[in-house]
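The next block holds one structure in the form of structure tokens; read it before the comments.
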Amino acid sequence: MILDNSTIHVIGAGEFGSSLAYAWRQAGRSVALWCRDPAQAASLRETGINPKVPECPTMPGIRAGVLADFALLSAKDVVVLAVKAQAQTGVFEPLRDRIRAGNAVVTVSKGFADGTGTLLSSALALPQGLGVLSGPSFSLDLFEDRPTAVTLAIESPDAGLLAALSTPRLRLYASTDTVGVQICGAMKNVIAIACGCSDGMGFGASARSAIMARGLRELERVTEVYGGDPRTAVGLAGVGDLALTCQDQQSRNYSFGHDLGRGQSALELLSRGTTVEGAATALSLIASGHTEGVSLPITEAVARLSRGEGSPAEEVTTLLSRSLAADV
């Protein structure tokens, strides 16, 4: 796929969608941002300013519009889905007939499509397949033009798409494991909640490192039962994103876990409307038939805490009292 004179259409003008749009505009790409709010779209189109994302630098020359007016300009255009995972199918369906089979569609969302562990690629069921862009990438780093590396998974290798979405500061690595990259992107948020909880309880770096390592095993197990390649978990989408998300307050999931560890109520925190993808992912995985019989003690603990059951102290006792087992 050669993408000269094509446009990257980012659906979702929130923080992460805007950060990618900014990175691509900085590299000279033609970019269009699509959102629901007419005032937000007008501000972006007329001034390059995103009023709903104050951290976003001005983006002169960016195209913008409301989803109701969404239209592609070329059969070579790329569609990037940057809305919440469990809202993605609902947002995409009204747009489906406006996208041709030749248009690449890539999701950057990290989670499942519903509460029963359905992959986004399965829910959207695109004839051309769904590309998956995932890895260690905080929005602020993209806004500040800091070097960032992520994985782009596509079932059929596409050097043109890889090059079109890469920039001098945003380096993409290729993968064909769309399943594994989706699983890793979703599950790293679960482990980030556990790490934040541990830090909030004051357990320190050793405990956090243990949770990250054992959490990595859970990523591998779930990737395998979904039919992906467990080796993906040791790449950028897995251990790379774990290293970022499990140790920094910029992560909403880590921050949520940290607040839990300091004694705040999960139900109260979630009621504030902040997106905590890891809580929904943990609950979705436990409800999924895919994971029946799979050892996922950290994921199960996060699911219980997300439902408001038990306490972090009780979960620590449960985890540490499990039968002794082999490491790998």
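Every chain in the structure tokens takes a letter, A first, then B, and so on in the order presented; its residues are numbered from 1, and the ligands are numbered from 1 following the presented order.
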
>> Set the distance at 12 Å and use only C-alpha atoms: which residues neighbour segment 324-328 of chain A once local chain neighbours fewer than 5 positions away are removed? I'd like the list as a PyMOL selection string.
In response: chain A and resi 210+213-218+220-221+295+319

>> I need the helix (DSSP H, G or I) residues of segment 35-280 of chain A per DSSP on the backbone, written as number ranges by chain.
In response: A: 38-47, 67-69, 85-98, 120-124, 139-143, 159-165, 178-200, 204-225, 230-234, 236-245, 252-261, 266-270, 277-280

> Between A:Leu20, A:Val53, A:Val105, A:Ala13, which has the minimum distance to Pro38 of chain A (counting only C-alpha atoms)?
Replying inline: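 Of A:Leu20, A:Val53, A:Val105, A:Ala13, the one nearest Pro38 of chain A is A:Ala13, counting only C-alpha atoms.
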
> Which parts of segment 169-291 of chain A does DSSP call strand (DSSP E or B) when run on the backbone here, written out as a PyMOL selection string?
Replying inline: chain A and resi 170-175

Print the selection's residues with N, CA, C and O atoms to a file, as a PDB file, in the first residue's frame.
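As a result, out_16.pdb now contains:
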ATOM      1  N   LEU A 170       8.326   9.011  16.090  1.00  0.00           N
ATOM      2  CA  LEU A 170       7.403   7.920  16.424  1.00  0.00           C
ATOM      3  C   LEU A 170       7.776   6.725  15.554  1.00  0.00           C
ATOM      4  O   LEU A 170       7.412   6.658  14.381  1.00  0.00           O
ATOM      5  N   ARG A 171       8.513   5.792  16.135  1.00  0.00           N
ATOM      6  CA  ARG A 171       9.016   4.646  15.387  1.00  0.00           C
ATOM      7  C   ARG A 171       8.078   3.458  15.575  1.00  0.00           C
ATOM      8  O   ARG A 171       7.773   3.058  16.702  1.00  0.00           O
ATOM      9  N   LEU A 172       7.645   2.866  14.464  1.00  0.00           N
ATOM     10  CA  LEU A 172       6.758   1.711  14.506  1.00  0.00           C
ATOM     11  C   LEU A 172       7.522   0.440  14.161  1.00  0.00           C
ATOM     12  O   LEU A 172       8.319   0.419  13.218  1.00  0.00           O
ATOM     13  N   TYR A 173       7.264  -0.612  14.943  1.00  0.00           N
ATOM     14  CA  TYR A 173       7.815  -1.933  14.669  1.00  0.00           C
ATOM     15  C   TYR A 173       6.689  -2.838  14.190  1.00  0.00           C
ATOM     16  O   TYR A 173       5.572  -2.773  14.714  1.00  0.00           O
ATOM     17  N   ALA A 174       6.970  -3.676  13.223  1.00  0.00           N
ATOM     18  CA  ALA A 174       5.937  -4.489  12.576  1.00  0.00           C
ATOM     19  C   ALA A 174       5.682  -5.789  13.335  1.00  0.00           C
ATOM     20  O   ALA A 174       6.577  -6.392  13.911  1.00  0.00           O
ATOM     21  N   SER A 175       4.426  -6.214  13.295  1.00  0.00           N
ATOM     22  CA  SER A 175       4.013  -7.513  13.842  1.00  0.00           C
ATOM     23  C   SER A 175       2.846  -8.012  12.998  1.00  0.00           C
ATOM     24  O   SER A 175       2.109  -7.217  12.410  1.00  0.00           O
TER      25      SER A 175
END

>> Set the distance at 10 Å and use only C-alpha atoms: which residues neighbour Ser6 of chain A once local chain neighbours fewer than 2 positions away are removed? I'd like the list as a PyMOL selection string.
In response: chain A and resi 2-4+8-9+29-31+72-78+164

Output N, CA, C and O atoms of each residue in that selection to a file, as a compact mmCIF listing (two decimals), in the first residue's frame.
# COMPACT_ATOMS: atom_id res chain seq x y z
N ILE A 2 0.81 2.07 -1.04
CA ILE A 2 1.53 3.34 -1.09
C ILE A 2 0.55 4.44 -0.71
O ILE A 2 -0.54 4.54 -1.26
N LEU A 3 0.97 5.28 0.26
CA LEU A 3 0.01 6.21 0.86
C LEU A 3 0.33 7.66 0.55
O LEU A 3 -0.05 8.55 1.31
N ASP A 4 1.05 7.93 -0.54
CA ASP A 4 1.29 9.31 -0.92
C ASP A 4 -0.05 9.99 -1.20
O ASP A 4 -0.96 9.41 -1.77
N ILE A 8 -4.73 10.67 6.96
CA ILE A 8 -4.95 9.84 8.15
C ILE A 8 -6.15 10.43 8.89
O ILE A 8 -6.10 11.57 9.36
N HIS A 9 -7.23 9.67 8.98
CA HIS A 9 -8.45 10.13 9.65
C HIS A 9 -8.49 9.56 11.06
O HIS A 9 -8.62 8.34 11.23
N ARG A 29 2.22 14.95 7.66
CA ARG A 29 1.13 14.14 7.12
C ARG A 29 -0.16 14.96 7.03
O ARG A 29 -0.37 15.88 7.80
N SER A 30 -1.01 14.57 6.11
CA SER A 30 -2.36 15.14 6.04
C SER A 30 -3.21 14.40 7.07
O SER A 30 -3.32 13.17 7.01
N VAL A 31 -3.80 15.13 8.00
CA VAL A 31 -4.54 14.51 9.10
C VAL A 31 -5.90 15.18 9.26
O VAL A 31 -6.02 16.41 9.18
N LEU A 72 -14.25 9.88 3.62
CA LEU A 72 -12.87 9.69 3.19
C LEU A 72 -12.66 10.39 1.85
O LEU A 72 -13.59 10.56 1.06
N LEU A 73 -11.42 10.78 1.62
CA LEU A 73 -11.10 11.51 0.40
C LEU A 73 -10.52 10.62 -0.68
O LEU A 73 -10.53 10.96 -1.85
N SER A 74 -10.02 9.45 -0.26
CA SER A 74 -9.31 8.58 -1.21
C SER A 74 -9.40 7.13 -0.76
O SER A 74 -9.57 6.83 0.42
N ALA A 75 -9.26 6.23 -1.72
CA ALA A 75 -9.22 4.80 -1.40
C ALA A 75 -7.95 4.43 -0.66
O ALA A 75 -7.83 3.31 -0.13
N LYS A 76 -6.99 5.34 -0.61
CA LYS A 76 -5.74 5.10 0.10
C LYS A 76 -5.73 5.70 1.50
O LYS A 76 -4.74 5.55 2.23
N ASP A 77 -6.80 6.40 1.90
CA ASP A 77 -6.86 7.00 3.23
C ASP A 77 -6.82 5.94 4.32
O ASP A 77 -7.24 4.79 4.12
N VAL A 78 -6.32 6.33 5.48
CA VAL A 78 -6.21 5.45 6.63
C VAL A 78 -7.16 5.93 7.72
O VAL A 78 -7.25 7.14 7.99
N ALA A 164 3.92 5.06 6.51
CA ALA A 164 3.04 6.22 6.56
C ALA A 164 2.74 6.66 7.99
O ALA A 164 2.56 7.85 8.26

> For Glu292 of chain A, which of A:Trp34, A:Phe203, A:Tyr226, A:Trp24 is the closest residue, counting only C-alpha atoms?
Replying inline: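 Nearest candidate to Glu292 of chain A out of A:Trp34, A:Phe203, A:Tyr226, A:Trp24: A:Tyr226.
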
>> For Glu309 of chain A, find every residue with an atom within 12 Å (counting only C-alpha atoms), except residues of its own chain fewer than 4 positions away, and show them as number ranges by chain.
In response: A: 260, 265-267, 300-305, 313-315

With C-alpha atoms retained, write the just-selected residues as a PDB file, in the first residue's frame.
ATOM      1  CA  LEU A 260      -7.238   1.943  46.066  1.00  0.00           C
ATOM      2  CA  SER A 265     -13.409   3.103  47.383  1.00  0.00           C
ATOM      3  CA  ALA A 266     -13.271   1.583  43.893  1.00  0.00           C
ATOM      4  CA  LEU A 267     -16.945   2.235  43.279  1.00  0.00           C
ATOM      5  CA  GLU A 300      -8.920 -11.978  39.468  1.00  0.00           C
ATOM      6  CA  ALA A 301      -7.781  -9.799  42.382  1.00  0.00           C
ATOM      7  CA  VAL A 302      -8.181  -6.605  40.316  1.00  0.00           C
ATOM      8  CA  ALA A 303     -11.655  -7.743  39.190  1.00  0.00           C
ATOM      9  CA  ARG A 304     -12.760  -8.243  42.793  1.00  0.00           C
ATOM     10  CA  LEU A 305     -11.410  -4.872  43.868  1.00  0.00           C
ATOM     11  CA  ALA A 313      -4.880  -6.043  52.235  1.00  0.00           C
ATOM     12  CA  GLU A 314      -7.070  -9.138  51.833  1.00  0.00           C
ATOM     13  CA  GLU A 315      -5.969  -9.557  48.222  1.00  0.00           C
TER      14      GLU A 315
END

> Which residues come within 10 Å of Leu119 of chain A, counting only C-alpha atoms, excluding same-chain residues fewer than 4 positions away, as a list in words?
Replying inline: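 Once the adjacent positions are removed, what remains is Ala85, Gly111, Phe112, Ala113, Asp114, Ala123, Leu124, Ala125, Thr178, Val179, Gln182, Ile183, Ala186 and Tyr226 of chain A.
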
Residue subset to file, keeping C-alpha atoms, as a PDB file, in the first residue's frame:
ATOM      1  CA  ALA A  85     -12.657   0.225  23.500  1.00  0.00           C
ATOM      2  CA  GLY A 111      -9.356  -3.022  25.877  1.00  0.00           C
ATOM      3  CA  PHE A 112     -12.105  -5.448  24.877  1.00  0.00           C
ATOM      4  CA  ALA A 113     -15.168  -4.634  22.817  1.00  0.00           C
ATOM      5  CA  ASP A 114     -17.629  -5.740  25.503  1.00  0.00           C
ATOM      6  CA  ALA A 123     -16.416  -7.268  17.005  1.00  0.00           C
ATOM      7  CA  LEU A 124     -15.678  -5.059  13.983  1.00  0.00           C
ATOM      8  CA  ALA A 125     -15.117  -8.013  11.619  1.00  0.00           C
ATOM      9  CA  THR A 178      -2.999  -8.747  15.920  1.00  0.00           C
ATOM     10  CA  VAL A 179      -4.496 -10.987  18.618  1.00  0.00           C
ATOM     11  CA  GLN A 182      -4.710  -6.559  21.434  1.00  0.00           C
ATOM     12  CA  ILE A 183      -4.438  -8.815  24.491  1.00  0.00           C
ATOM     13  CA  ALA A 186      -5.706  -4.502  27.237  1.00  0.00           C
ATOM     14  CA  TYR A 226      -6.941 -16.504  22.451  1.00  0.00           C
TER      15      TYR A 226
END

> Which neighbours of His290 of chain A fall inside 9 Å, counting only C-alpha atoms, when residues of the same chain fewer than 4 positions from it are skipped, and could you give them as a list in words?
Replying inline: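 In the requested format, the answer is Gly117, Val222, Val225, Tyr226, Leu285, Ile286 and Val294 of chain A.
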
> Within 12 Å of Phe16 of chain A, counting only C-alpha atoms, which residues qualify if same-chain residues fewer than 6 places away don't, as a PyMOL selection string?
Replying inline: chain A and resi 10+22-23+33+52-53+55-56+80-84+107-110+133-134+137-143

Keeping only C-alpha atoms, write those residues as a PDB file, in the first residue's frame.
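Result file is part.pdb:
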ATOM      1  CA  VAL A  10      -8.383   9.964  13.452  1.00  0.00           C
ATOM      2  CA  TYR A  22      -0.213  16.033  16.449  1.00  0.00           C
ATOM      3  CA  ALA A  23       2.715  13.653  15.876  1.00  0.00           C
ATOM      4  CA  LEU A  33      -9.671  14.709  13.382  1.00  0.00           C
ATOM      5  CA  LYS A  52     -11.011  19.776  25.226  1.00  0.00           C
ATOM      6  CA  VAL A  53      -7.343  18.778  25.439  1.00  0.00           C
ATOM      7  CA  GLU A  55      -2.125  19.873  26.783  1.00  0.00           C
ATOM      8  CA  CYS A  56      -2.362  19.575  22.999  1.00  0.00           C
ATOM      9  CA  VAL A  80      -7.487   5.342  13.042  1.00  0.00           C
ATOM     10  CA  LEU A  81      -9.987   4.483  15.786  1.00  0.00           C
ATOM     11  CA  ALA A  82      -9.127   6.346  18.998  1.00  0.00           C
ATOM     12  CA  VAL A  83     -12.286   6.029  21.092  1.00  0.00           C
ATOM     13  CA  LYS A  84     -12.839   3.944  24.234  1.00  0.00           C
ATOM     14  CA  THR A 107      -7.335   0.773  16.350  1.00  0.00           C
ATOM     15  CA  VAL A 108      -5.260   2.418  19.071  1.00  0.00           C
ATOM     16  CA  SER A 109      -7.696   1.517  21.872  1.00  0.00           C
ATOM     17  CA  LYS A 110      -6.547  -0.837  24.632  1.00  0.00           C
ATOM     18  CA  LEU A 133      -1.238   0.130  17.123  1.00  0.00           C
ATOM     19  CA  SER A 134      -0.074  -0.370  20.706  1.00  0.00           C
ATOM     20  CA  SER A 137       3.189   5.869  24.521  1.00  0.00           C
ATOM     21  CA  PHE A 138       2.001   8.568  26.910  1.00  0.00           C
ATOM     22  CA  SER A 139       0.169  11.422  25.205  1.00  0.00           C
ATOM     23  CA  LEU A 140       2.398  14.018  26.866  1.00  0.00           C
ATOM     24  CA  ASP A 141       5.501  12.446  25.318  1.00  0.00           C
ATOM     25  CA  LEU A 142       3.950  12.710  21.850  1.00  0.00           C
ATOM     26  CA  PHE A 143       2.857  16.301  22.509  1.00  0.00           C
TER      27      PHE A 143
END

> So how far away is atom CA of Leu283 of chain A from atom CA of Thr116 of chain A, in Å?
Replying inline: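 Spanning atom CA of Thr116 of chain A to atom CA of Leu283 of chain A is a straight-line distance of 8.1 Å.
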
> Hey, can you check how far atom CA of Ser198 of chain A sits from atom CA of Gly261 of chain A?
Replying inline: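 One can read the atom CA of Ser198 of chain A to atom CA of Gly261 of chain A distance as 6.3 Å.
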
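Compared by their closest atoms to Gly196 of chain A, and using only C-alpha atoms, the residues A:Ala149, A:Ile11, A:Cys246, A:Ala159 rank with A:Cys246 nearest.
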